[in-house]
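Participant: Structure incoming, see below.
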Amino acid sequence: MGVENLNDDEDLYPHADLDWMTIKSSDVNAVVNALELENIQQGSFGNFGDTANTFMFPTHNDWIIIIHQWEPRGSSAEYLNAMQQIVTELSQDFGEAQSFAAYEDVIFYTHWILARNGILIRSFAKASETDLFRNFGEVTETESFIDWTDAELFPRMPEVIRLSQTWSTEPIFSNYPGDVVGVLGYKHLQL
């Protein structure tokens with residue numbers, strides 16, 4: 001499914017809580033090492049648990065998708081800062097890295113982050129429970145479909161998926177992880 005087919009937002013709501021990254025690389029082992037993952041094993045997306053909070057797999061277009069459940073122990077702002085740092089460091093090693101999140105079940109939280117060659121280019125985040133709002137960097141052409149004049153702006157999963165598809169790739173429609181064998185591991189998130 002391409003960006004042009006995302007007009008029906010309802011199709012995306014079953015995937016309302018998801019956190020993922022995309023790294024411009026085809027070298028899964030290098031990304032595993034850069035993330036300092038522990039308990040590394042081969043497995044499938046459904047094997048998250050006590051020993052695995054990260055699942056990664058390469059795509060056909062030389063991106064690596066990392067779906068994760070890195071439990072933040074701090075505030076939304078601390079989590080966002082940690083994600084910005086991780087994305088920026090990964091981009092220094094791999095040229096480009098991105099992070100995306102959309103949560104709509106218990107809390108409303110959205111972010112997208114883009115870094116290239118060790119420089120943070122773009123970071124947008126909004127969280128309802130803490131009134132977190134961050135809008136760093138110039139709005140990219142890809143984000144032009146968003147109504148930035150809306151004072152109540154709260155992008156949801158459909159917008160995040162659309163942006164991810166255009167910047168790189170995404171883990172729902174183009175690269176559904178359900179049948180993929182990838183790498184499982186555990187990451188300690190430092191806040």
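Naming works like this for the structure tokens: A, B, ... for the chains as they're shown, residue 1 at the start of each chain, ligands 1 onward in shown order.
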Write out as number ranges by chain the residues lying within 9 Å of stretch 139-153 of chain A, counting only C-alpha atoms and excluding same-chain residues fewer than 4 positions away.
Facilitator: A: 122, 135, 159, 162-163, 166-167
Participant: Please, could you write that set of residues out with N, CA and C atoms as a PDB file, in the first residue's frame?
Facilitator:
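Output contents, as saved in result.pdb:
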```
ATOM      1  N   ARG A 122      14.953  17.094  12.123  1.00  0.00           N
ATOM      2  CA  ARG A 122      13.537  17.343  12.395  1.00  0.00           C
ATOM      3  C   ARG A 122      13.087  16.519  13.581  1.00  0.00           C
ATOM      4  N   ASN A 135       8.502  21.037  18.387  1.00  0.00           N
ATOM      5  CA  ASN A 135       8.472  21.202  16.945  1.00  0.00           C
ATOM      6  C   ASN A 135       9.812  21.800  16.532  1.00  0.00           C
ATOM      7  N   GLU A 159      -1.309   9.715   9.998  1.00  0.00           N
ATOM      8  CA  GLU A 159      -0.331  10.719   9.575  1.00  0.00           C
ATOM      9  C   GLU A 159       1.098  10.224   9.782  1.00  0.00           C
ATOM     10  N   ARG A 162       1.912   7.644   7.084  1.00  0.00           N
ATOM     11  CA  ARG A 162       2.100   8.333   5.792  1.00  0.00           C
ATOM     12  C   ARG A 162       3.473   8.996   5.731  1.00  0.00           C
ATOM     13  N   LEU A 163       3.858   9.651   6.792  1.00  0.00           N
ATOM     14  CA  LEU A 163       5.161  10.303   6.844  1.00  0.00           C
ATOM     15  C   LEU A 163       6.288   9.269   6.763  1.00  0.00           C
ATOM     16  N   THR A 166       6.834   7.901   3.294  1.00  0.00           N
ATOM     17  CA  THR A 166       7.455   8.841   2.368  1.00  0.00           C
ATOM     18  C   THR A 166       8.927   9.072   2.704  1.00  0.00           C
ATOM     19  N   TRP A 167       9.254   9.159   3.987  1.00  0.00           N
ATOM     20  CA  TRP A 167      10.658   9.362   4.372  1.00  0.00           C
ATOM     21  C   TRP A 167      11.500   8.121   4.099  1.00  0.00           C
TER      22      TRP A 167
END
```
Participant: If we count only C-alpha atoms, what is near A:Ala101 at a cut-off of 7 Å, once residues fewer than 4 positions away on the same chain are taken out, given as an MDAnalysis selection string?
Facilitator: chainID A and resid 18:20 110:112
Participant: Generate a file of the selected residues that holds N, CA, C and O atoms, formatted as a PDB file, in the first residue's frame.
Facilitator:
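Saved file result-v9.pdb follows:
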```pdb
ATOM      1  N   LEU A  18       2.251   1.932  18.530  1.00  0.00           N
ATOM      2  CA  LEU A  18       3.426   1.374  17.879  1.00  0.00           C
ATOM      3  C   LEU A  18       4.572   2.374  17.924  1.00  0.00           C
ATOM      4  O   LEU A  18       4.380   3.570  17.743  1.00  0.00           O
ATOM      5  N   ASP A  19       5.764   1.864  18.181  1.00  0.00           N
ATOM      6  CA  ASP A  19       7.004   2.628  18.232  1.00  0.00           C
ATOM      7  C   ASP A  19       7.993   1.922  17.305  1.00  0.00           C
ATOM      8  O   ASP A  19       8.232   0.724  17.465  1.00  0.00           O
ATOM      9  N   TRP A  20       8.576   2.634  16.339  1.00  0.00           N
ATOM     10  CA  TRP A  20       9.526   1.995  15.438  1.00  0.00           C
ATOM     11  C   TRP A  20      10.565   2.993  14.945  1.00  0.00           C
ATOM     12  O   TRP A  20      10.376   4.194  15.025  1.00  0.00           O
ATOM     13  N   THR A 110       2.604  11.143  20.183  1.00  0.00           N
ATOM     14  CA  THR A 110       3.066  11.014  18.803  1.00  0.00           C
ATOM     15  C   THR A 110       4.437  11.647  18.692  1.00  0.00           C
ATOM     16  O   THR A 110       4.691  12.695  19.290  1.00  0.00           O
ATOM     17  N   HIS A 111       5.323  10.994  17.922  1.00  0.00           N
ATOM     18  CA  HIS A 111       6.573  11.679  17.560  1.00  0.00           C
ATOM     19  C   HIS A 111       7.085  11.160  16.225  1.00  0.00           C
ATOM     20  O   HIS A 111       6.742  10.066  15.804  1.00  0.00           O
ATOM     21  N   TRP A 112       7.872  12.009  15.571  1.00  0.00           N
ATOM     22  CA  TRP A 112       8.704  11.593  14.461  1.00  0.00           C
ATOM     23  C   TRP A 112       9.991  12.389  14.532  1.00  0.00           C
ATOM     24  O   TRP A 112      10.006  13.545  14.939  1.00  0.00           O
TER      25      TRP A 112
END
```
Participant: Using only C-alpha atoms, what table do you get, as CSV, when you list each residue of stretch 14-115 of chain A with an atom no more than 8 Å from stretch 123-128 of chain A, its nearest pair of atoms, and their distance in Å rounded to one decimal, rows by chain then rising number?
Facilitator:
```
residue,atom,partner,partner_atom,distance
A:Ser76,CA,A:Ala127,CA,7.1
A:Leu80,CA,A:Ala125,CA,7.7
A:Gln84,CA,A:Ser123,CA,7.7
A:Ile107,CA,A:Ser128,CA,6.7
A:Phe108,CA,A:Ser128,CA,5.3
A:Tyr109,CA,A:Ala127,CA,4.3
A:Thr110,CA,A:Lys126,CA,5.4
A:His111,CA,A:Ala125,CA,4.1
A:Trp112,CA,A:Phe124,CA,5.5
A:Ile113,CA,A:Ser123,CA,4.4
A:Leu114,CA,A:Ser123,CA,6.5
```
Participant: Kindly save the residues from that selection, with all heavy atoms included, as an mmCIF file, in the first residue's frame.
Facilitator:
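So result13.cif came out as:
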```cif
data_model
loop_
_atom_site.group_PDB
_atom_site.id
_atom_site.type_symbol
_atom_site.label_atom_id
_atom_site.label_comp_id
_atom_site.auth_asym_id
_atom_site.auth_seq_id
_atom_site.Cartn_x
_atom_site.Cartn_y
_atom_site.Cartn_z
ATOM 1 N N SER A 76 7.558 11.889 29.267
ATOM 2 C CA SER A 76 7.519 11.886 27.804
ATOM 3 C C SER A 76 8.660 12.716 27.230
ATOM 4 O O SER A 76 9.250 12.350 26.215
ATOM 5 C CB SER A 76 6.183 12.445 27.306
ATOM 6 O OG SER A 76 5.124 11.592 27.658
ATOM 7 N N LEU A 80 11.515 11.346 24.751
ATOM 8 C CA LEU A 80 11.773 12.000 23.468
ATOM 9 C C LEU A 80 13.242 12.395 23.345
ATOM 10 O O LEU A 80 13.858 12.186 22.298
ATOM 11 C CB LEU A 80 10.871 13.218 23.296
ATOM 12 C CG LEU A 80 11.065 14.005 22.005
ATOM 13 C CD1 LEU A 80 10.751 13.150 20.788
ATOM 14 C CD2 LEU A 80 10.214 15.262 22.029
ATOM 15 N N GLN A 84 15.750 11.074 20.469
ATOM 16 C CA GLN A 84 16.491 12.001 19.596
ATOM 17 C C GLN A 84 17.980 11.688 19.624
ATOM 18 O O GLN A 84 18.651 11.699 18.587
ATOM 19 C CB GLN A 84 16.260 13.454 20.025
ATOM 20 C CG GLN A 84 14.919 13.987 19.657
ATOM 21 C CD GLN A 84 14.702 15.422 20.103
ATOM 22 O OE1 GLN A 84 13.689 15.999 19.756
ATOM 23 N NE2 GLN A 84 15.591 16.015 20.855
ATOM 24 N N ILE A 107 -2.827 6.666 26.535
ATOM 25 C CA ILE A 107 -2.371 8.045 26.406
ATOM 26 C C ILE A 107 -2.321 8.398 24.925
ATOM 27 O O ILE A 107 -2.316 7.526 24.069
ATOM 28 C CB ILE A 107 -0.972 8.257 27.028
ATOM 29 C CG1 ILE A 107 0.067 7.403 26.280
ATOM 30 C CG2 ILE A 107 -0.977 7.973 28.505
ATOM 31 C CD1 ILE A 107 1.490 7.786 26.574
ATOM 32 N N PHE A 108 -2.289 9.673 24.642
ATOM 33 C CA PHE A 108 -2.059 10.131 23.287
ATOM 34 C C PHE A 108 -0.639 10.669 23.229
ATOM 35 O O PHE A 108 -0.289 11.620 23.939
ATOM 36 C CB PHE A 108 -3.070 11.209 22.887
ATOM 37 C CG PHE A 108 -4.405 10.652 22.520
ATOM 38 C CD1 PHE A 108 -5.408 10.556 23.468
ATOM 39 C CD2 PHE A 108 -4.661 10.224 21.226
ATOM 40 C CE1 PHE A 108 -6.643 10.028 23.140
ATOM 41 C CE2 PHE A 108 -5.900 9.693 20.890
ATOM 42 C CZ PHE A 108 -6.885 9.598 21.849
ATOM 43 N N TYR A 109 0.176 10.028 22.414
ATOM 44 C CA TYR A 109 1.566 10.444 22.254
ATOM 45 C C TYR A 109 1.963 10.178 20.809
ATOM 46 O O TYR A 109 1.676 9.106 20.264
ATOM 47 C CB TYR A 109 2.490 9.671 23.185
ATOM 48 C CG TYR A 109 3.963 9.959 22.943
ATOM 49 C CD1 TYR A 109 4.571 11.059 23.528
ATOM 50 C CD2 TYR A 109 4.726 9.153 22.102
ATOM 51 C CE1 TYR A 109 5.916 11.343 23.299
ATOM 52 C CE2 TYR A 109 6.063 9.430 21.867
ATOM 53 C CZ TYR A 109 6.650 10.530 22.461
ATOM 54 O OH TYR A 109 7.968 10.812 22.209
ATOM 55 N N THR A 110 2.604 11.143 20.183
ATOM 56 C CA THR A 110 3.066 11.014 18.803
ATOM 57 C C THR A 110 4.437 11.647 18.692
ATOM 58 O O THR A 110 4.691 12.695 19.290
ATOM 59 C CB THR A 110 2.115 11.749 17.835
ATOM 60 O OG1 THR A 110 0.829 11.166 17.916
ATOM 61 C CG2 THR A 110 2.606 11.690 16.414
ATOM 62 N N HIS A 111 5.323 10.994 17.922
ATOM 63 C CA HIS A 111 6.573 11.679 17.560
ATOM 64 C C HIS A 111 7.085 11.160 16.225
ATOM 65 O O HIS A 111 6.742 10.066 15.804
ATOM 66 C CB HIS A 111 7.648 11.567 18.659
ATOM 67 C CG HIS A 111 8.456 10.314 18.652
ATOM 68 N ND1 HIS A 111 8.590 9.527 19.760
ATOM 69 C CD2 HIS A 111 9.215 9.697 17.699
ATOM 70 C CE1 HIS A 111 9.370 8.492 19.489
ATOM 71 N NE2 HIS A 111 9.766 8.573 18.239
ATOM 72 N N TRP A 112 7.872 12.009 15.571
ATOM 73 C CA TRP A 112 8.704 11.593 14.461
ATOM 74 C C TRP A 112 9.991 12.389 14.532
ATOM 75 O O TRP A 112 10.006 13.545 14.939
ATOM 76 C CB TRP A 112 8.028 11.722 13.101
ATOM 77 C CG TRP A 112 7.454 13.051 12.729
ATOM 78 C CD1 TRP A 112 8.110 14.138 12.209
ATOM 79 C CD2 TRP A 112 6.075 13.428 12.791
ATOM 80 N NE1 TRP A 112 7.232 15.160 11.953
ATOM 81 C CE2 TRP A 112 5.972 14.750 12.303
ATOM 82 C CE3 TRP A 112 4.925 12.771 13.220
ATOM 83 C CZ2 TRP A 112 4.762 15.426 12.229
ATOM 84 C CZ3 TRP A 112 3.733 13.464 13.144
ATOM 85 C CH2 TRP A 112 3.651 14.760 12.660
ATOM 86 N N ILE A 113 11.084 11.700 14.220
ATOM 87 C CA ILE A 113 12.421 12.273 14.358
ATOM 88 C C ILE A 113 13.221 11.864 13.126
ATOM 89 O O ILE A 113 13.158 10.715 12.695
ATOM 90 C CB ILE A 113 13.118 11.729 15.628
ATOM 91 C CG1 ILE A 113 12.284 12.031 16.882
ATOM 92 C CG2 ILE A 113 14.527 12.310 15.761
ATOM 93 C CD1 ILE A 113 12.719 11.237 18.116
ATOM 94 N N LEU A 114 13.983 12.805 12.593
ATOM 95 C CA LEU A 114 14.832 12.544 11.433
ATOM 96 C C LEU A 114 16.213 13.132 11.697
ATOM 97 O O LEU A 114 16.339 14.289 12.093
ATOM 98 C CB LEU A 114 14.228 13.203 10.186
ATOM 99 C CG LEU A 114 15.106 13.315 8.932
ATOM 100 C CD1 LEU A 114 15.449 11.937 8.383
ATOM 101 C CD2 LEU A 114 14.408 14.161 7.870
#
```
Participant: From the set A:Leu37, A:Ile66, A:Ser26, A:Ser99, which residue has the shortest atom-to-atom contact distance to A:Asn81, counting only C-alpha atoms?
Facilitator: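 Using only C-alpha atoms, A:Asn81 sits closest to A:Ser99.
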Participant: Check the DSSP output for the backbone and give back, as JSON, numbers by chain, the residues of stretch 76-130 of chain A in strand (DSSP E).
Facilitator: {"A": [96, 97, 98, 99, 100, 101, 102, 103, 109, 110, 111, 112, 113, 114, 115, 116, 119, 120, 121, 122, 123, 124, 125, 126, 127]}
Participant: With a distance cut-off of 9 Å and only C-alpha atoms, select the neighbouring residues of A:Phe48, excluding the residue or stretch itself and same-chain residues fewer than 5 positions from it, and output the selection as a tab-separated table (two decimals) with all heavy atoms, in the first residue's frame.
Facilitator:
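Output saved as result-v1.tsv:
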```tsv
chain	number	residue	atom	x	y	z
A	53	ASN	N	12.69	-6.87	23.80
A	53	ASN	CA	11.84	-5.69	23.64
A	53	ASN	C	12.11	-5.01	22.30
A	53	ASN	O	11.66	-3.89	22.06
A	53	ASN	CB	12.00	-4.71	24.80
A	53	ASN	CG	13.40	-4.12	24.89
A	53	ASN	OD1	14.28	-4.39	24.07
A	53	ASN	ND2	13.61	-3.32	25.93
A	54	THR	N	12.85	-5.70	21.42
A	54	THR	CA	13.24	-5.14	20.14
A	54	THR	C	13.15	-6.24	19.07
A	54	THR	O	13.59	-7.36	19.30
A	54	THR	CB	14.69	-4.63	20.19
A	54	THR	OG1	14.83	-3.73	21.29
A	54	THR	CG2	15.09	-3.94	18.91
A	55	PHE	N	12.57	-5.88	17.93
A	55	PHE	CA	12.52	-6.78	16.79
A	55	PHE	C	12.96	-6.00	15.56
A	55	PHE	O	12.43	-4.92	15.29
A	55	PHE	CB	11.11	-7.33	16.57
A	55	PHE	CG	10.98	-8.19	15.35
A	55	PHE	CD1	11.56	-9.45	15.29
A	55	PHE	CD2	10.25	-7.75	14.25
A	55	PHE	CE1	11.43	-10.25	14.16
A	55	PHE	CE2	10.12	-8.54	13.12
A	55	PHE	CZ	10.71	-9.79	13.08
A	68	HIS	N	10.00	-1.59	18.51
A	68	HIS	CA	10.49	-1.75	19.89
A	68	HIS	C	9.43	-1.38	20.92
A	68	HIS	O	8.48	-0.67	20.63
A	68	HIS	CB	11.76	-0.93	20.12
A	68	HIS	CG	11.60	0.53	19.86
A	68	HIS	ND1	11.15	1.41	20.81
A	68	HIS	CD2	11.85	1.27	18.75
A	68	HIS	CE1	11.13	2.63	20.31
A	68	HIS	NE2	11.53	2.57	19.06
A	69	GLN	N	9.66	-1.92	22.10
A	69	GLN	CA	8.86	-1.61	23.28
A	69	GLN	C	9.84	-1.23	24.38
A	69	GLN	O	9.99	-1.93	25.37
A	69	GLN	CB	8.02	-2.82	23.69
A	69	GLN	CG	7.01	-3.23	22.67
A	69	GLN	CD	6.32	-4.54	23.03
A	69	GLN	OE1	6.81	-5.33	23.81
A	69	GLN	NE2	5.18	-4.78	22.42
A	184	LEU	N	15.69	-10.64	17.33
A	184	LEU	CA	15.11	-10.20	18.60
A	184	LEU	C	16.25	-9.85	19.55
A	184	LEU	O	17.32	-10.46	19.51
A	184	LEU	CB	14.28	-11.32	19.24
A	184	LEU	CG	12.96	-11.64	18.56
A	184	LEU	CD1	12.48	-13.01	19.01
A	184	LEU	CD2	11.93	-10.59	18.84
A	185	GLY	N	16.01	-8.89	20.42
A	185	GLY	CA	17.01	-8.53	21.41
A	185	GLY	C	16.40	-7.66	22.48
A	185	GLY	O	15.22	-7.29	22.41
```
Participant: Looking only at helix (DSSP H, G or I) from DSSP on the backbone, list the matching residues of stretch 24-170 of chain A as a tab-separated table (two decimals) with N, CA, C and O atoms, in the first residue's frame.
Facilitator:
```
chain	number	residue	atom	x	y	z
A	28	VAL	N	22.18	-5.78	9.33
A	28	VAL	CA	21.47	-5.96	10.59
A	28	VAL	C	22.45	-6.10	11.76
A	28	VAL	O	22.24	-5.52	12.83
A	29	ASN	N	23.54	-6.85	11.57
A	29	ASN	CA	24.51	-7.04	12.65
A	29	ASN	C	25.13	-5.73	13.10
A	29	ASN	O	25.34	-5.51	14.30
A	30	ALA	N	25.40	-4.83	12.18
A	30	ALA	CA	25.96	-3.53	12.55
A	30	ALA	C	24.97	-2.72	13.38
A	30	ALA	O	25.34	-2.05	14.34
A	31	VAL	N	23.68	-2.79	13.03
A	31	VAL	CA	22.65	-2.07	13.79
A	31	VAL	C	22.48	-2.70	15.18
A	31	VAL	O	22.35	-2.00	16.17
A	32	VAL	N	22.50	-4.03	15.25
A	32	VAL	CA	22.43	-4.73	16.54
A	32	VAL	C	23.55	-4.24	17.45
A	32	VAL	O	23.33	-3.91	18.62
A	33	ASN	N	24.76	-4.17	16.91
A	33	ASN	CA	25.91	-3.70	17.69
A	33	ASN	C	25.78	-2.24	18.08
A	33	ASN	O	26.08	-1.86	19.22
A	34	ALA	N	25.32	-1.40	17.17
A	34	ALA	CA	25.17	0.03	17.46
A	34	ALA	C	24.14	0.27	18.56
A	34	ALA	O	24.29	1.18	19.38
A	35	LEU	N	23.09	-0.54	18.60
A	35	LEU	CA	22.05	-0.40	19.63
A	35	LEU	C	22.44	-1.08	20.95
A	35	LEU	O	21.73	-0.93	21.93
A	45	PHE	N	8.21	-11.53	15.13
A	45	PHE	CA	7.63	-10.35	15.75
A	45	PHE	C	6.81	-10.69	16.99
A	45	PHE	O	6.79	-9.94	17.96
A	46	GLY	N	6.17	-11.83	17.01
A	46	GLY	CA	5.32	-12.21	18.12
A	46	GLY	C	6.06	-12.68	19.36
A	46	GLY	O	5.44	-13.04	20.35
A	47	ASN	N	7.40	-12.67	19.32
A	47	ASN	CA	8.17	-13.18	20.44
A	47	ASN	C	8.68	-12.13	21.42
A	47	ASN	O	9.64	-12.37	22.15
A	76	SER	N	7.56	11.89	29.27
A	76	SER	CA	7.52	11.89	27.80
A	76	SER	C	8.66	12.72	27.23
A	76	SER	O	9.25	12.35	26.21
A	77	ALA	N	8.98	13.83	27.88
A	77	ALA	CA	10.08	14.68	27.42
A	77	ALA	C	11.42	13.95	27.52
A	77	ALA	O	12.26	14.03	26.61
A	78	GLU	N	11.64	13.21	28.62
A	78	GLU	CA	12.88	12.45	28.77
A	78	GLU	C	12.96	11.33	27.73
A	78	GLU	O	14.03	11.08	27.16
A	79	TYR	N	11.85	10.68	27.46
A	79	TYR	CA	11.81	9.63	26.45
A	79	TYR	C	12.13	10.22	25.08
A	79	TYR	O	12.95	9.67	24.33
A	80	LEU	N	11.51	11.35	24.75
A	80	LEU	CA	11.77	12.00	23.47
A	80	LEU	C	13.24	12.40	23.34
A	80	LEU	O	13.86	12.19	22.30
A	81	ASN	N	13.81	12.96	24.40
A	81	ASN	CA	15.23	13.33	24.37
A	81	ASN	C	16.11	12.11	24.12
A	81	ASN	O	17.08	12.17	23.35
A	82	ALA	N	15.79	10.99	24.78
A	82	ALA	CA	16.57	9.76	24.58
A	82	ALA	C	16.45	9.27	23.15
A	82	ALA	O	17.44	8.87	22.53
A	83	MET	N	15.24	9.32	22.58
A	83	MET	CA	15.03	8.87	21.21
A	83	MET	C	15.78	9.78	20.23
A	83	MET	O	16.38	9.30	19.27
A	84	GLN	N	15.75	11.07	20.47
A	84	GLN	CA	16.49	12.00	19.60
A	84	GLN	C	17.98	11.69	19.62
A	84	GLN	O	18.65	11.70	18.59
A	85	GLN	N	18.50	11.39	20.79
A	85	GLN	CA	19.92	11.08	20.92
A	85	GLN	C	20.25	9.77	20.19
A	85	GLN	O	21.24	9.69	19.46
A	86	ILE	N	19.43	8.75	20.36
A	86	ILE	CA	19.66	7.47	19.69
A	86	ILE	C	19.62	7.64	18.18
A	86	ILE	O	20.50	7.15	17.46
A	87	VAL	N	18.61	8.34	17.68
A	87	VAL	CA	18.47	8.54	16.23
A	87	VAL	C	19.66	9.33	15.68
A	87	VAL	O	20.22	8.97	14.64
A	88	THR	N	20.07	10.35	16.39
A	88	THR	CA	21.20	11.17	15.93
A	88	THR	C	22.48	10.34	15.91
A	88	THR	O	23.25	10.39	14.94
A	89	GLU	N	22.72	9.55	16.95
A	89	GLU	CA	23.92	8.70	16.98
A	89	GLU	C	23.89	7.64	15.89
A	89	GLU	O	24.90	7.38	15.24
A	90	LEU	N	22.74	7.03	15.66
A	90	LEU	CA	22.63	6.03	14.59
A	90	LEU	C	22.86	6.66	13.22
A	90	LEU	O	23.47	6.05	12.34
A	91	SER	N	22.39	7.88	13.03
A	91	SER	CA	22.59	8.54	11.74
A	91	SER	C	24.07	8.86	11.49
A	91	SER	O	24.51	8.91	10.35
A	92	GLN	N	24.81	9.06	12.56
A	92	GLN	CA	26.24	9.29	12.42
A	92	GLN	C	26.92	8.03	11.88
A	92	GLN	O	27.83	8.11	11.06
A	93	ASP	N	26.45	6.85	12.31
A	93	ASP	CA	27.02	5.59	11.86
A	93	ASP	C	26.49	5.13	10.50
A	93	ASP	O	27.21	4.50	9.73
A	94	PHE	N	25.20	5.42	10.21
A	94	PHE	CA	24.57	4.84	9.03
A	94	PHE	C	24.09	5.87	8.00
A	94	PHE	O	23.52	5.49	6.99
A	141	GLU	N	8.94	18.93	3.29
A	141	GLU	CA	7.93	18.91	2.24
A	141	GLU	C	6.97	17.74	2.43
A	141	GLU	O	5.77	17.84	2.18
A	142	THR	N	7.49	16.63	2.93
A	142	THR	CA	6.68	15.45	3.18
A	142	THR	C	5.56	15.72	4.18
A	142	THR	O	4.51	15.09	4.13
A	143	GLU	N	5.78	16.65	5.09
A	143	GLU	CA	4.79	16.97	6.13
A	143	GLU	C	3.76	17.99	5.67
A	143	GLU	O	2.90	18.39	6.45
A	144	SER	N	3.79	18.40	4.42
A	144	SER	CA	2.91	19.47	3.94
A	144	SER	C	1.43	19.08	3.95
A	144	SER	O	0.57	19.95	3.92
A	145	PHE	N	1.11	17.79	4.04
A	145	PHE	CA	-0.29	17.36	4.09
A	145	PHE	C	-0.91	17.64	5.47
A	145	PHE	O	-2.13	17.57	5.62
A	157	MET	N	-1.94	7.99	14.15
A	157	MET	CA	-1.25	6.93	13.41
A	157	MET	C	-1.31	7.10	11.89
A	157	MET	O	-0.30	6.91	11.22
A	158	PRO	N	-2.45	7.44	11.29
A	158	PRO	CA	-2.46	7.57	9.83
A	158	PRO	C	-1.43	8.58	9.32
A	158	PRO	O	-0.75	8.32	8.33
A	159	GLU	N	-1.31	9.71	10.00
A	159	GLU	CA	-0.33	10.72	9.57
A	159	GLU	C	1.10	10.22	9.78
A	159	GLU	O	1.98	10.47	8.95
A	160	VAL	N	1.33	9.52	10.89
A	160	VAL	CA	2.68	9.02	11.18
A	160	VAL	C	3.08	7.95	10.15
A	160	VAL	O	4.20	7.97	9.64
A	161	ILE	N	2.16	7.06	9.81
A	161	ILE	CA	2.44	6.03	8.80
A	161	ILE	C	2.72	6.69	7.46
A	161	ILE	O	3.67	6.34	6.75
A	162	ARG	N	1.91	7.64	7.08
A	162	ARG	CA	2.10	8.33	5.79
A	162	ARG	C	3.47	9.00	5.73
A	162	ARG	O	4.18	8.89	4.73
A	163	LEU	N	3.86	9.65	6.79
A	163	LEU	CA	5.16	10.30	6.84
A	163	LEU	C	6.29	9.27	6.76
A	163	LEU	O	7.24	9.43	6.01
A	164	SER	N	6.16	8.18	7.52
A	164	SER	CA	7.16	7.14	7.51
A	164	SER	C	7.31	6.52	6.13
A	164	SER	O	8.43	6.27	5.65
A	165	GLN	N	6.19	6.27	5.45
A	165	GLN	CA	6.24	5.71	4.10
A	165	GLN	C	7.00	6.62	3.14
A	165	GLN	O	7.72	6.14	2.28
A	166	THR	N	6.83	7.90	3.29
A	166	THR	CA	7.45	8.84	2.37
A	166	THR	C	8.93	9.07	2.70
A	166	THR	O	9.76	9.16	1.81
A	167	TRP	N	9.25	9.16	3.99
A	167	TRP	CA	10.66	9.36	4.37
A	167	TRP	C	11.50	8.12	4.10
A	167	TRP	O	12.65	8.22	3.73
```
Participant: Which one of A:Pro171, A:Gly137, A:Pro155, A:Gly118 sits closest to A:Ala97 if you count only C-alpha atoms?
Facilitator: A:Gly118
Participant: Can you tell me, as a ChimeraX atom specification, what residues are no more than 6 Å from A:Trp63 when counting only C-alpha atoms, ignoring any on the same chain fewer than 6 positions away?
Facilitator: /A:23-25
Participant: Between A:Ile65, A:Leu132, A:Leu120, A:Met21, which residue has the minimum interatomic distance to A:Ser174, considering only C-alpha atoms?
Facilitator: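 Once distances to A:Ser174 are computed over only C-alpha atoms, the minimum belongs to A:Ile65.
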Participant: My list of candidates is A:Ser75, A:Asp50, A:Phe57, A:Asp17. Which is closest to A:Asp179 when distances are computed with only C-alpha atoms?
Facilitator: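 Ranked by minimum distance to A:Asp179, first place goes to A:Phe57.
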Participant: Kindly give the distance, in Å, that separates atom CA of A:Ile119 and atom CA of A:Glu170, rounded to a single decimal.
Facilitator: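 The value is 22.1 Å.
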Participant: Looking at only C-alpha atoms, which of A:Ile40, A:Ile121, A:Ala115, A:Val180 is the one that sits closest to A:Gly95?
Facilitator: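 Using only C-alpha atoms, the shortest distance to A:Gly95 belongs to A:Ala115.
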